[in-house]
$ cat query-v7.cif   # mmCIF, C-alpha atoms
data_protein
#
loop_
_atom_site.group_PDB
_atom_site.id
_atom_site.type_symbol
_atom_site.label_atom_id
_atom_site.label_comp_id
_atom_site.auth_asym_id
_atom_site.auth_seq_id
_atom_site.Cartn_x
_atom_site.Cartn_y
_atom_site.Cartn_z
ATOM 1 C CA MET Y 1 328.005 137.851 -25.497
ATOM 2 C CA VAL Y 2 329.965 138.054 -28.738
ATOM 3 C CA PRO Y 3 330.298 141.654 -29.979
ATOM 4 C CA LEU Y 4 328.997 142.514 -33.437
ATOM 5 C CA SER Y 5 332.424 143.623 -34.626
ATOM 6 C CA TRP Y 6 333.677 140.025 -34.311
ATOM 7 C CA TYR Y 7 331.063 138.848 -36.795
ATOM 8 C CA MET Y 8 331.957 141.762 -39.079
ATOM 9 C CA ALA Y 9 335.653 140.862 -38.839
ATOM 10 C CA LEU Y 10 334.871 137.237 -39.759
ATOM 11 C CA SER Y 11 332.749 138.428 -42.669
ATOM 12 C CA ILE Y 12 335.504 140.711 -43.928
ATOM 13 C CA MET Y 13 338.128 137.973 -43.679
ATOM 14 C CA VAL Y 14 336.008 135.471 -45.624
ATOM 15 C CA PHE Y 15 335.220 138.184 -48.182
ATOM 16 C CA SER Y 16 338.924 139.001 -48.632
ATOM 17 C CA ILE Y 17 339.881 135.348 -49.041
ATOM 18 C CA GLY Y 18 337.109 134.888 -51.603
ATOM 19 C CA LEU Y 19 338.177 138.008 -53.496
ATOM 20 C CA LEU Y 20 341.777 136.771 -53.464
ATOM 21 C CA GLY Y 21 340.622 133.456 -54.899
ATOM 22 C CA VAL Y 22 338.693 135.172 -57.699
ATOM 23 C CA LEU Y 23 341.769 137.266 -58.527
ATOM 24 C CA ILE Y 24 344.526 134.638 -58.414
ATOM 25 C CA ARG Y 25 343.010 131.287 -59.421
ATOM 26 C CA ARG Y 26 343.083 130.061 -63.015
ATOM 27 C CA ASN Y 27 340.466 127.335 -62.752
ATOM 28 C CA VAL Y 28 336.955 128.567 -63.565
ATOM 29 C CA ILE Y 29 335.241 126.186 -61.137
ATOM 30 C CA VAL Y 30 337.392 127.403 -58.227
ATOM 31 C CA ILE Y 31 336.566 131.002 -59.197
ATOM 32 C CA PHE Y 32 332.885 130.075 -58.909
ATOM 33 C CA LEU Y 33 333.501 128.485 -55.507
ATOM 34 C CA CYS Y 34 335.166 131.719 -54.381
ATOM 35 C CA ILE Y 35 332.116 133.703 -55.514
ATOM 36 C CA GLU Y 36 330.046 131.428 -53.252
ATOM 37 C CA LEU Y 37 332.513 132.281 -50.450
ATOM 38 C CA ILE Y 38 331.922 135.995 -50.999
ATOM 39 C CA LEU Y 39 328.137 135.513 -50.950
ATOM 40 C CA ASN Y 40 328.447 133.552 -47.685
ATOM 41 C CA SER Y 41 330.471 136.332 -46.088
ATOM 42 C CA VAL Y 42 327.728 138.797 -47.001
ATOM 43 C CA ASN Y 43 325.185 136.428 -45.448
ATOM 44 C CA ILE Y 44 327.147 136.379 -42.176
ATOM 45 C CA ALA Y 45 327.217 140.190 -42.109
ATOM 46 C CA LEU Y 46 323.479 140.461 -42.840
ATOM 47 C CA ILE Y 47 322.479 137.928 -40.170
ATOM 48 C CA GLY Y 48 324.772 139.653 -37.660
ATOM 49 C CA PHE Y 49 323.205 143.054 -38.290
ATOM 50 C CA SER Y 50 319.718 141.516 -38.225
ATOM 51 C CA HIS Y 51 320.394 139.995 -34.806
ATOM 52 C CA TYR Y 52 321.991 143.033 -33.222
ATOM 53 C CA LEU Y 53 319.419 145.487 -34.575
ATOM 54 C CA SER Y 54 316.440 143.250 -33.607
ATOM 55 C CA SER Y 55 315.196 143.180 -37.181
ATOM 56 C CA ILE Y 56 314.052 140.260 -39.326
ATOM 57 C CA ARG Y 57 314.779 141.893 -42.690
ATOM 58 C CA GLY Y 58 318.377 140.737 -42.788
ATOM 59 C CA GLN Y 59 317.274 137.131 -42.585
ATOM 60 C CA VAL Y 60 314.755 137.607 -45.402
ATOM 61 C CA PHE Y 61 317.499 139.196 -47.498
ATOM 62 C CA VAL Y 62 319.719 136.178 -46.862
ATOM 63 C CA LEU Y 63 316.976 133.944 -48.271
ATOM 64 C CA PHE Y 64 316.922 136.039 -51.457
ATOM 65 C CA ILE Y 65 320.714 135.957 -51.688
ATOM 66 C CA MET Y 66 320.586 132.158 -51.429
ATOM 67 C CA THR Y 67 318.040 132.098 -54.274
ATOM 68 C CA VAL Y 68 320.302 134.211 -56.452
ATOM 69 C CA ALA Y 69 323.323 132.093 -55.488
ATOM 70 C CA ALA Y 70 321.533 128.892 -56.498
ATOM 71 C CA ALA Y 71 320.444 130.399 -59.821
ATOM 72 C CA GLU Y 72 323.937 131.782 -60.427
ATOM 73 C CA ALA Y 73 325.576 128.423 -59.685
ATOM 74 C CA ALA Y 74 323.237 126.572 -62.054
ATOM 75 C CA ILE Y 75 323.663 129.074 -64.916
ATOM 76 C CA GLY Y 76 327.398 129.476 -64.351
ATOM 77 C CA LEU Y 77 328.093 125.775 -64.323
ATOM 78 C CA ALA Y 78 326.010 125.323 -67.476
ATOM 79 C CA ILE Y 79 328.092 128.056 -69.147
ATOM 80 C CA ILE Y 80 331.290 126.325 -67.969
ATOM 81 C CA ILE Y 81 330.069 123.028 -69.454
ATOM 82 C CA SER Y 82 329.316 124.591 -72.831
ATOM 83 C CA VAL Y 83 332.632 126.495 -72.856
ATOM 84 C CA TYR Y 84 334.485 123.269 -72.033
ATOM 85 C CA ARG Y 85 332.659 121.514 -74.862
ATOM 86 C CA ASN Y 86 333.786 124.180 -77.343
ATOM 87 C CA LYS Y 87 337.319 125.032 -76.132
ATOM 88 C CA GLU Y 88 338.368 121.961 -74.067
ATOM 89 C CA THR Y 89 339.719 124.145 -71.279
ATOM 90 C CA LEU Y 90 338.812 125.240 -67.764
ATOM 91 C CA ASN Y 91 341.594 127.831 -67.574
ATOM 92 C CA ALA Y 92 340.262 131.359 -67.270
ATOM 93 C CA SER Y 93 343.295 132.745 -69.141
ATOM 94 C CA ASP Y 94 342.542 130.604 -72.204
ATOM 95 C CA ILE Y 95 339.020 131.943 -72.558
ATOM 96 C CA ASN Y 96 340.174 135.209 -74.162
ATOM 97 C CA LEU Y 97 337.993 135.616 -77.236
ATOM 98 C CA MET Y 98 336.640 138.981 -76.071
ATOM 99 C CA LYS Y 99 339.934 140.235 -74.652
ATOM 100 C CA TRP Y 100 341.177 143.581 -75.940
ATOM 101 C CA MET D 1 335.887 134.088 -21.677
ATOM 102 C CA GLU D 2 332.312 133.026 -22.129
ATOM 103 C CA ILE D 3 331.120 129.832 -23.781
ATOM 104 C CA ALA D 4 329.594 131.832 -26.676
ATOM 105 C CA GLN D 5 332.939 133.489 -27.412
ATOM 106 C CA VAL D 6 334.719 130.122 -27.366
ATOM 107 C CA GLY D 7 332.092 128.781 -29.762
ATOM 108 C CA PHE D 8 332.476 131.777 -32.048
ATOM 109 C CA ILE D 9 336.262 131.419 -32.136
ATOM 110 C CA TYR D 10 335.940 127.724 -33.011
ATOM 111 C CA PHE D 11 333.438 128.381 -35.828
ATOM 112 C CA ALA D 12 335.363 131.396 -37.152
ATOM 113 C CA SER D 13 338.741 129.636 -37.185
ATOM 114 C CA VAL D 14 337.315 126.602 -39.022
ATOM 115 C CA ILE D 15 335.593 128.904 -41.537
ATOM 116 C CA VAL D 16 338.765 130.903 -42.233
ATOM 117 C CA PHE D 17 340.903 127.733 -42.443
ATOM 118 C CA CYS D 18 338.492 126.098 -44.903
ATOM 119 C CA ALA D 19 338.299 129.300 -46.975
ATOM 120 C CA ILE D 20 342.102 129.444 -47.248
ATOM 121 C CA MET D 21 342.177 125.776 -48.225
ATOM 122 C CA VAL D 22 339.534 126.375 -50.927
ATOM 123 C CA VAL D 23 341.731 129.070 -52.472
ATOM 124 C CA THR D 24 345.062 127.239 -52.182
ATOM 125 C CA ARG D 25 344.311 123.599 -53.096
ATOM 126 C CA ARG D 26 345.389 122.587 -56.592
ATOM 127 C CA SER D 27 342.599 120.158 -57.370
ATOM 128 C CA PRO D 28 339.106 121.659 -57.754
ATOM 129 C CA VAL D 29 337.665 118.531 -56.129
ATOM 130 C CA HIS D 30 339.591 119.281 -52.929
ATOM 131 C CA SER D 31 338.474 122.915 -53.092
ATOM 132 C CA ALA D 32 334.843 121.836 -53.441
ATOM 133 C CA LEU D 33 335.147 119.361 -50.583
ATOM 134 C CA PHE D 34 336.626 122.032 -48.292
ATOM 135 C CA MET D 35 333.560 124.158 -49.014
ATOM 136 C CA LEU D 36 331.384 121.558 -47.273
ATOM 137 C CA PRO D 37 332.636 122.016 -43.651
ATOM 138 C CA LEU D 38 332.704 125.759 -44.339
ATOM 139 C CA PHE D 39 328.982 125.799 -45.137
ATOM 140 C CA PHE D 40 328.177 123.739 -42.036
ATOM 141 C CA HIS D 41 330.161 126.084 -39.789
ATOM 142 C CA VAL D 42 328.510 129.128 -41.347
ATOM 143 C CA ALA D 43 325.223 127.454 -40.402
ATOM 144 C CA GLY D 44 326.616 127.148 -36.864
ATOM 145 C CA ILE D 45 327.348 130.886 -36.865
ATOM 146 C CA PHE D 46 323.743 131.495 -37.949
ATOM 147 C CA ILE D 47 322.463 129.377 -35.053
ATOM 148 C CA MET D 48 324.634 131.418 -32.661
ATOM 149 C CA LEU D 49 322.857 134.507 -34.026
ATOM 150 C CA ASP D 50 319.386 132.992 -33.345
ATOM 151 C CA ALA D 51 318.615 132.497 -37.042
ATOM 152 C CA GLU D 52 317.628 128.818 -36.971
ATOM 153 C CA PHE D 53 315.505 128.893 -40.115
ATOM 154 C CA VAL D 54 318.263 130.426 -42.224
ATOM 155 C CA ALA D 55 320.755 127.939 -40.765
ATOM 156 C CA ALA D 56 318.552 125.031 -41.872
ATOM 157 C CA ILE D 57 318.163 126.560 -45.339
ATOM 158 C CA GLN D 58 321.935 127.096 -45.483
ATOM 159 C CA VAL D 59 322.560 123.386 -44.902
ATOM 160 C CA LEU D 60 319.808 122.323 -47.316
ATOM 161 C CA VAL D 61 320.555 124.712 -50.182
ATOM 162 C CA TYR D 62 324.317 125.268 -49.991
ATOM 163 C CA ALA D 63 325.605 121.985 -48.575
ATOM 164 C CA GLY D 64 322.832 119.895 -50.092
ATOM 165 C CA ALA D 65 322.123 121.367 -53.507
ATOM 166 C CA ILE D 66 324.877 123.735 -54.648
ATOM 167 C CA MET D 67 327.811 121.559 -53.538
ATOM 168 C CA VAL D 68 326.287 118.455 -55.180
ATOM 169 C CA LEU D 69 325.849 120.507 -58.368
ATOM 170 C CA PHE D 70 329.517 121.583 -58.259
ATOM 171 C CA LEU D 71 330.766 118.039 -57.615
ATOM 172 C CA PHE D 72 328.637 116.607 -60.445
ATOM 173 C CA VAL D 73 329.960 119.227 -62.860
ATOM 174 C CA ILE D 74 333.561 118.502 -61.801
ATOM 175 C CA MET D 75 332.811 114.819 -62.391
ATOM 176 C CA LEU D 76 331.754 115.613 -65.986
ATOM 177 C CA PHE D 77 335.189 117.007 -66.883
ATOM 178 C CA ASN D 78 338.335 115.111 -67.686
ATOM 179 C CA VAL D 79 340.277 114.957 -64.409
ATOM 180 C CA HIS D 80 343.691 114.841 -66.131
ATOM 181 C CA ASN D 81 343.071 118.177 -67.793
ATOM 182 C CA ILE D 82 341.958 119.708 -64.508
ATOM 183 C CA ARG D 83 345.206 118.929 -62.667
ATOM 184 C CA GLU D 84 347.381 121.741 -64.000
ATOM 185 C CA LYS D 85 350.875 122.624 -62.886
ATOM 186 C CA LYS D 86 350.186 126.333 -62.599
ATOM 187 C CA CYS D 87 346.980 126.942 -60.721
ATOM 188 C CA PHE D 88 347.589 130.618 -59.867
ATOM 189 C CA GLN D 89 347.518 133.635 -62.170
ATOM 190 C CA ALA D 90 350.820 135.233 -63.045
ATOM 191 C CA GLY D 91 349.775 138.445 -61.288
ATOM 192 C CA TRP D 92 349.364 136.932 -57.816
ATOM 193 C CA PRO D 93 352.245 138.906 -56.220
ATOM 194 C CA VAL D 94 350.214 142.029 -56.994
ATOM 195 C CA SER D 95 346.830 140.611 -55.980
ATOM 196 C CA VAL D 96 347.850 139.358 -52.521
ATOM 197 C CA PRO D 97 349.078 142.734 -51.126
ATOM 198 C CA PHE D 98 346.125 144.492 -52.790
ATOM 199 C CA VAL D 99 343.615 142.227 -51.044
ATOM 200 C CA MET D 100 345.499 142.520 -47.743
ATOM 201 C CA VAL D 101 345.386 146.323 -47.922
ATOM 202 C CA LEU D 102 341.667 146.157 -48.749
ATOM 203 C CA CYS D 103 341.081 143.823 -45.773
ATOM 204 C CA GLY D 104 342.952 146.180 -43.454
ATOM 205 C CA PHE D 105 340.948 149.124 -44.778
ATOM 206 C CA PHE D 106 337.639 147.363 -44.042
ATOM 207 C CA MET D 107 338.895 146.272 -40.609
ATOM 208 C CA SER D 108 339.805 149.860 -39.702
ATOM 209 C CA ILE D 109 336.278 150.926 -40.704
ATOM 210 C CA ILE D 110 334.562 148.370 -38.458
ATOM 211 C CA LEU D 111 336.859 149.186 -35.543
ATOM 212 C CA LYS D 112 335.880 152.871 -35.779
ATOM 213 C CA SER D 113 332.146 152.478 -36.306
ATOM 214 C CA GLY D 114 329.740 152.046 -33.414
ATOM 215 C CA PHE D 115 326.949 150.216 -35.296
ATOM 216 C CA ASN D 116 324.178 152.452 -34.025
ATOM 217 C CA GLY D 117 320.971 151.990 -35.949
ATOM 218 C CA THR D 118 317.240 152.102 -35.527
ATOM 219 C CA ARG D 119 316.126 148.984 -33.656
ATOM 220 C CA GLY D 120 313.425 146.856 -35.228
ATOM 221 C CA GLN D 121 310.454 145.291 -33.514
ATOM 222 C CA TYR D 122 311.853 141.740 -33.321
ATOM 223 C CA SER D 123 313.640 141.862 -29.970
ATOM 224 C CA MET D 124 314.788 138.737 -28.125
ATOM 225 C CA GLU D 125 311.525 138.466 -26.152
ATOM 226 C CA VAL D 126 309.349 138.739 -29.266
ATOM 227 C CA MET D 127 311.497 136.162 -31.079
ATOM 228 C CA LYS D 128 311.237 133.784 -28.102
ATOM 229 C CA ARG D 129 307.454 134.119 -28.133
ATOM 230 C CA ILE D 130 306.662 133.728 -31.837
ATOM 231 C CA GLY D 131 309.701 131.745 -32.997
ATOM 232 C CA ASN D 132 312.224 132.443 -35.717
ATOM 233 C CA SER D 133 310.503 130.582 -38.569
ATOM 234 C CA GLN D 134 307.198 132.325 -37.985
ATOM 235 C CA ALA D 135 308.874 135.737 -37.871
ATOM 236 C CA VAL D 136 310.692 135.076 -41.173
ATOM 237 C CA GLY D 137 307.506 133.740 -42.744
ATOM 238 C CA ASN D 138 305.503 136.755 -41.616
ATOM 239 C CA ALA D 139 308.000 139.134 -43.177
ATOM 240 C CA LEU D 140 308.349 137.007 -46.323
ATOM 241 C CA PHE D 141 304.645 136.775 -47.103
ATOM 242 C CA THR D 142 303.620 140.316 -46.196
ATOM 243 C CA GLU D 143 306.377 142.885 -46.553
ATOM 244 C CA PHE D 144 308.499 140.984 -49.074
ATOM 245 C CA LEU D 145 305.751 139.256 -51.054
ATOM 246 C CA PHE D 146 306.681 140.789 -54.397
ATOM 247 C CA PRO D 147 310.439 139.988 -54.130
ATOM 248 C CA PHE D 148 309.416 136.480 -53.078
ATOM 249 C CA GLU D 149 307.433 136.011 -56.302
ATOM 250 C CA VAL D 150 310.292 137.498 -58.326
ATOM 251 C CA ALA D 151 312.627 134.956 -56.708
ATOM 252 C CA SER D 152 310.451 132.114 -57.968
ATOM 253 C CA ILE D 153 310.659 133.512 -61.514
ATOM 254 C CA ILE D 154 314.447 133.829 -61.178
ATOM 255 C CA LEU D 155 314.657 130.152 -60.218
ATOM 256 C CA LEU D 156 312.437 129.141 -63.140
ATOM 257 C CA VAL D 157 314.520 131.166 -65.615
ATOM 258 C CA ALA D 158 317.721 129.703 -64.154
ATOM 259 C CA MET D 159 316.378 126.163 -64.531
ATOM 260 C CA VAL D 160 315.336 126.648 -68.162
ATOM 261 C CA GLY D 161 318.551 128.534 -68.947
ATOM 262 C CA ALA D 162 320.780 125.866 -67.424
ATOM 263 C CA ILE D 163 319.058 123.118 -69.425
ATOM 264 C CA VAL D 164 319.322 125.101 -72.676
ATOM 265 C CA LEU D 165 322.969 126.055 -72.135
ATOM 266 C CA ALA D 166 324.143 122.581 -71.152
ATOM 267 C CA LYS D 167 322.310 120.751 -73.953
ATOM 268 C CA LYS D 168 324.534 119.090 -76.543
ATOM 269 C CA HIS D 169 322.920 120.313 -79.752
ATOM 270 C CA ILE D 170 320.443 123.121 -79.964
ATOM 271 C CA ASP D 171 318.345 122.695 -83.094
#

$ encode --input "query-v7.cif" --output "structure tokens"
Amino acid sequence: MVPLSWYMALSIMVFSIGLLGVLIRRNVIVIFLCIELILNSVNIALIGFSHYLSSIRGQVFVLFIMTVAAAEAAIGLAIIISVYRNKETLNASDINLMKW
Amino acid sequence: MEIAQVGFIYFASVIVFCAIMVVTRRSPVHSALFMLPLFFHVAGIFIMLDAEFVAAIQVLVYAGAIMVLFLFVIMLFNVHNIREKKCFQAGWPVSVPFVMVLCGFFMSIILKSGFNGTRGQYSMEVMKRIGNSQAVGNALFTEFLFPFEVASIILLVAMVGAIVLAKKHID
């Protein structure tokens, strides 16, 4: 039997790596991939709690998170395409029109 | 060590390795391709937690739909522009210790907590009798019916929005 804290530790590690990727990468597409990593880590935590607390709600929540992730990926990639068409760059540091 | 623990360590180590590779590879194509085994191993973790339906949806939606979307979008861009010399932000020596401290903070929290909560009605015996898909469906179409309908509207709005945003000329 695998203890619940192992799943939580895995979730936290994937979350931290995803957060690191969002903070340090320049490429916008890789930043989006890291957001997917963070959402996956949350899914692992929710399914773990759902299993160990004998509840089904965590699994239903994961389905909704997947819906939001799919919508977010579609919208985000469309925004990246239109930004690339206007500014010819994928570098997050170059997209600084609204920077203070 | 039990067989389940060995399985967990295999899945977890592949997931963490692939996640590190996603963050560190220079080319976004390599990053996207390392996401693929990661999604499959997360599905394996879900199966270990008796969530077969969510594992199937994970493979279908993440590995099947979202990754294909990412790879097609990468294909649309000029590959020579994507391969930059500097792929990390200038502030990465600050970000790495910050994230490590945050990770240690979260780890200390889970080591201290006992995870005691109110148990639901779906114990192992009930799940064995009615099956995972039926249990998820029951919850989805009774207790979570309204969020389920809202999710369909979110997907519709995302579809229309993606088409409008990615169109060449909006008249």

$ closest_residue --input "query-v7.cif" --among "D:Val73, D:Gln58, D:Glu125, D:Ala51" --to "Ala78 in chain Y" --atoms "only C-alpha atoms"
D:Val73

$ interface_residues --input "query-v7.cif" --of "chain Y" --to "chain D" --cutoff "7 Å" --atoms "only C-alpha atoms" --output "number ranges by chain"
Y: 1-2, 5, 9-10, 12-14, 16-17, 20-21, 23-27, 29-30, 47-48, 51, 53-56, 59-60, 64, 67, 70-71, 73-75, 77-79, 81-82

$ axis_aligned_box --input "query-v7.cif" --around "range 41-48 of chain D" --padding-each-side "6 Å" --output "lines of an AutoDock Vina configuration file"
center_x = 326.3
center_y = 128.8
center_z = -37.0
size_x = 19.7
size_y = 17.4
size_z = 20.7

$ atom_distance --input "query-v7.cif" --atom1 "CA of Leu46 in chain Y" --atom2 "CA of Phe34 in chain D"
23.3 Å

$ residues_near_point --input "query-v7.cif" --point "(326.6, 131.4, -55.7)" --cutoff "8 Å" --atoms "all atoms listed in the file" --output "PyMOL selection string"
(chain Y and resi 32-33+35-37+39+66+68-73) or (chain D and resi 66)

$ write_last_selection --input "query-v7.cif" --atoms "C-alpha atoms" --output "compact mmCIF listing (two decimals), in the coordinates of the input"
# COMPACT_ATOMS: atom_id res chain seq x y z
CA PHE Y 32 332.88 130.07 -58.91
CA LEU Y 33 333.50 128.49 -55.51
CA ILE Y 35 332.12 133.70 -55.51
CA GLU Y 36 330.05 131.43 -53.25
CA LEU Y 37 332.51 132.28 -50.45
CA LEU Y 39 328.14 135.51 -50.95
CA MET Y 66 320.59 132.16 -51.43
CA VAL Y 68 320.30 134.21 -56.45
CA ALA Y 69 323.32 132.09 -55.49
CA ALA Y 70 321.53 128.89 -56.50
CA ALA Y 71 320.44 130.40 -59.82
CA GLU Y 72 323.94 131.78 -60.43
CA ALA Y 73 325.58 128.42 -59.68
CA ILE D 66 324.88 123.74 -54.65

$ atom_distance --input "query-v7.cif" --atom1 "CA of Ala63 in chain D" --atom2 "CA of Gly44 in chain D"
12.8 Å

$ atom_distance --input "query-v7.cif" --atom1 "CA of Met75 in chain D" --atom2 "CA of Pro37 in chain D"
20.1 Å
